[in-house]
Amino acid sequence: MDTKQRIAELRQERGWSNYELAKRSGLQLPTIQNMYHRNYEPTLPTLQAICKAFGISLCQFFAEGDLVDLTPEQHETLAIWNRLSDDQKRIVRDLMINMTSEKK
């Protein structure tokens, strides 16, 4: 697997720039840029920080396909979810919990 290509794909899915990935991962922008411009492979700690920013595990990062079968609608929903901020995700989760909880 080309780890840099996978990072680029995940970043593009979310509409993130290299700067946004650096900000969300807590890494320095030159660290992200050097992966591409100087052809460096990310270290394990760098990759872990990047995965955390994407909200995925290393296992999910390296998975060749989906870990579970998803419908096209579920794929679309997850793609949208990945573009939300942490605050927006909290609001959506709260809404979903309220929508599915039983009324007394």
# chains A, B, ... in the order shown; residues from 1 in each chain; ligands from 1
$ residues_around --residues "Tyr19 of chain A" --least-positions-apart "2" --cutoff "12 Å" --atoms "only C-alpha atoms" --output "list in words"
Arg11, Gly15, Trp16, Ser17, Leu21, Ala22, Lys23, Arg24, Ser25, Gly26, Leu27, Gln28, Leu29, Pro30, Thr31, Ile32 and Gln33 of chain A
$ write_last_selection --atoms "N, CA and C atoms" --output "mmCIF file, in the first residue's frame"
data_model
loop_
_atom_site.group_PDB
_atom_site.id
_atom_site.type_symbol
_atom_site.label_atom_id
_atom_site.label_comp_id
_atom_site.auth_asym_id
_atom_site.auth_seq_id
_atom_site.Cartn_x
_atom_site.Cartn_y
_atom_site.Cartn_z
ATOM 1 N N ARG A 11 -7.592 12.616 2.954
ATOM 2 C CA ARG A 11 -7.614 14.072 3.089
ATOM 3 C C ARG A 11 -8.566 14.686 2.058
ATOM 4 N N GLY A 15 -12.070 16.961 2.164
ATOM 5 C CA GLY A 15 -11.903 18.316 1.677
ATOM 6 C C GLY A 15 -10.864 19.097 2.466
ATOM 7 N N TRP A 16 -9.892 18.385 3.034
ATOM 8 C CA TRP A 16 -8.869 19.012 3.864
ATOM 9 C C TRP A 16 -7.633 19.345 3.045
ATOM 10 N N SER A 17 -7.021 20.458 3.359
ATOM 11 C CA SER A 17 -5.710 20.806 2.822
ATOM 12 C C SER A 17 -4.645 20.142 3.697
ATOM 13 N N LEU A 21 -4.936 19.117 7.767
ATOM 14 C CA LEU A 21 -4.491 17.846 8.337
ATOM 15 C C LEU A 21 -3.457 18.092 9.430
ATOM 16 N N ALA A 22 -2.520 18.995 9.194
ATOM 17 C CA ALA A 22 -1.509 19.304 10.202
ATOM 18 C C ALA A 22 -2.173 19.851 11.464
ATOM 19 N N LYS A 23 -3.107 20.755 11.292
ATOM 20 C CA LYS A 23 -3.794 21.361 12.433
ATOM 21 C C LYS A 23 -4.561 20.312 13.235
ATOM 22 N N ARG A 24 -5.307 19.455 12.546
ATOM 23 C CA ARG A 24 -6.136 18.453 13.229
ATOM 24 C C ARG A 24 -5.312 17.331 13.855
ATOM 25 N N SER A 25 -4.142 17.058 13.278
ATOM 26 C CA SER A 25 -3.311 15.957 13.786
ATOM 27 C C SER A 25 -2.321 16.418 14.844
ATOM 28 N N GLY A 26 -2.133 17.732 14.955
ATOM 29 C CA GLY A 26 -1.146 18.247 15.895
ATOM 30 C C GLY A 26 0.275 18.159 15.372
ATOM 31 N N LEU A 27 0.421 17.861 14.083
ATOM 32 C CA LEU A 27 1.745 17.773 13.468
ATOM 33 C C LEU A 27 2.110 19.113 12.838
ATOM 34 N N GLN A 28 3.378 19.318 12.632
ATOM 35 C CA GLN A 28 3.835 20.520 11.954
ATOM 36 C C GLN A 28 3.549 20.392 10.456
ATOM 37 N N LEU A 29 3.172 21.487 9.829
ATOM 38 C CA LEU A 29 2.895 21.471 8.393
ATOM 39 C C LEU A 29 4.075 20.936 7.583
ATOM 40 N N PRO A 30 5.324 21.315 7.897
ATOM 41 C CA PRO A 30 6.442 20.746 7.129
ATOM 42 C C PRO A 30 6.522 19.222 7.205
ATOM 43 N N THR A 31 6.083 18.651 8.309
ATOM 44 C CA THR A 31 6.067 17.181 8.429
ATOM 45 C C THR A 31 5.154 16.587 7.373
ATOM 46 N N ILE A 32 3.979 17.184 7.207
ATOM 47 C CA ILE A 32 3.028 16.697 6.193
ATOM 48 C C ILE A 32 3.583 16.948 4.797
ATOM 49 N N GLN A 33 4.070 18.135 4.558
ATOM 50 C CA GLN A 33 4.570 18.495 3.222
ATOM 51 C C GLN A 33 5.778 17.667 2.814
#
$ select_by_dssp --residues "chain A" --states "helix (DSSP H, G or I)" --output "PyMOL selection string"
chain A and resi 3-14+18-25+29-37+44-54+58-62+72-83+86-100
$ residues_around --residues "Arg83 of chain A" --least-positions-apart "6" --cutoff "12 Å" --atoms "only C-alpha atoms" --output "PyMOL selection string"
chain A and resi 10-16+20-21+53-55+76-77+89
$ residues_around --residues "Glu64 of chain A" --least-positions-apart "6" --cutoff "12 Å" --atoms "only C-alpha atoms" --output "ChimeraX atom specification"
/A:1-3,6,58
$ write_last_selection --atoms "N, CA and C atoms" --output "short mmCIF file (atom, residue, chain, number, x, y, z; two decimals), in the first residue's frame"
data_model
loop_
_atom_site.label_atom_id
_atom_site.label_comp_id
_atom_site.auth_asym_id
_atom_site.auth_seq_id
_atom_site.Cartn_x
_atom_site.Cartn_y
_atom_site.Cartn_z
N MET A 1 0.84 -1.18 0.00
CA MET A 1 0.00 0.00 0.00
C MET A 1 0.89 1.24 0.00
N ASP A 2 0.49 2.23 -0.76
CA ASP A 2 1.17 3.51 -0.78
C ASP A 2 0.55 4.39 0.31
N THR A 3 1.25 4.51 1.44
CA THR A 3 0.68 5.23 2.58
C THR A 3 0.42 6.70 2.26
N ARG A 6 -2.72 6.95 0.28
CA ARG A 6 -3.88 6.70 1.14
C ARG A 6 -4.20 7.94 1.98
N LEU A 58 -5.42 2.48 12.91
CA LEU A 58 -4.41 2.02 11.95
C LEU A 58 -4.93 0.85 11.13
#
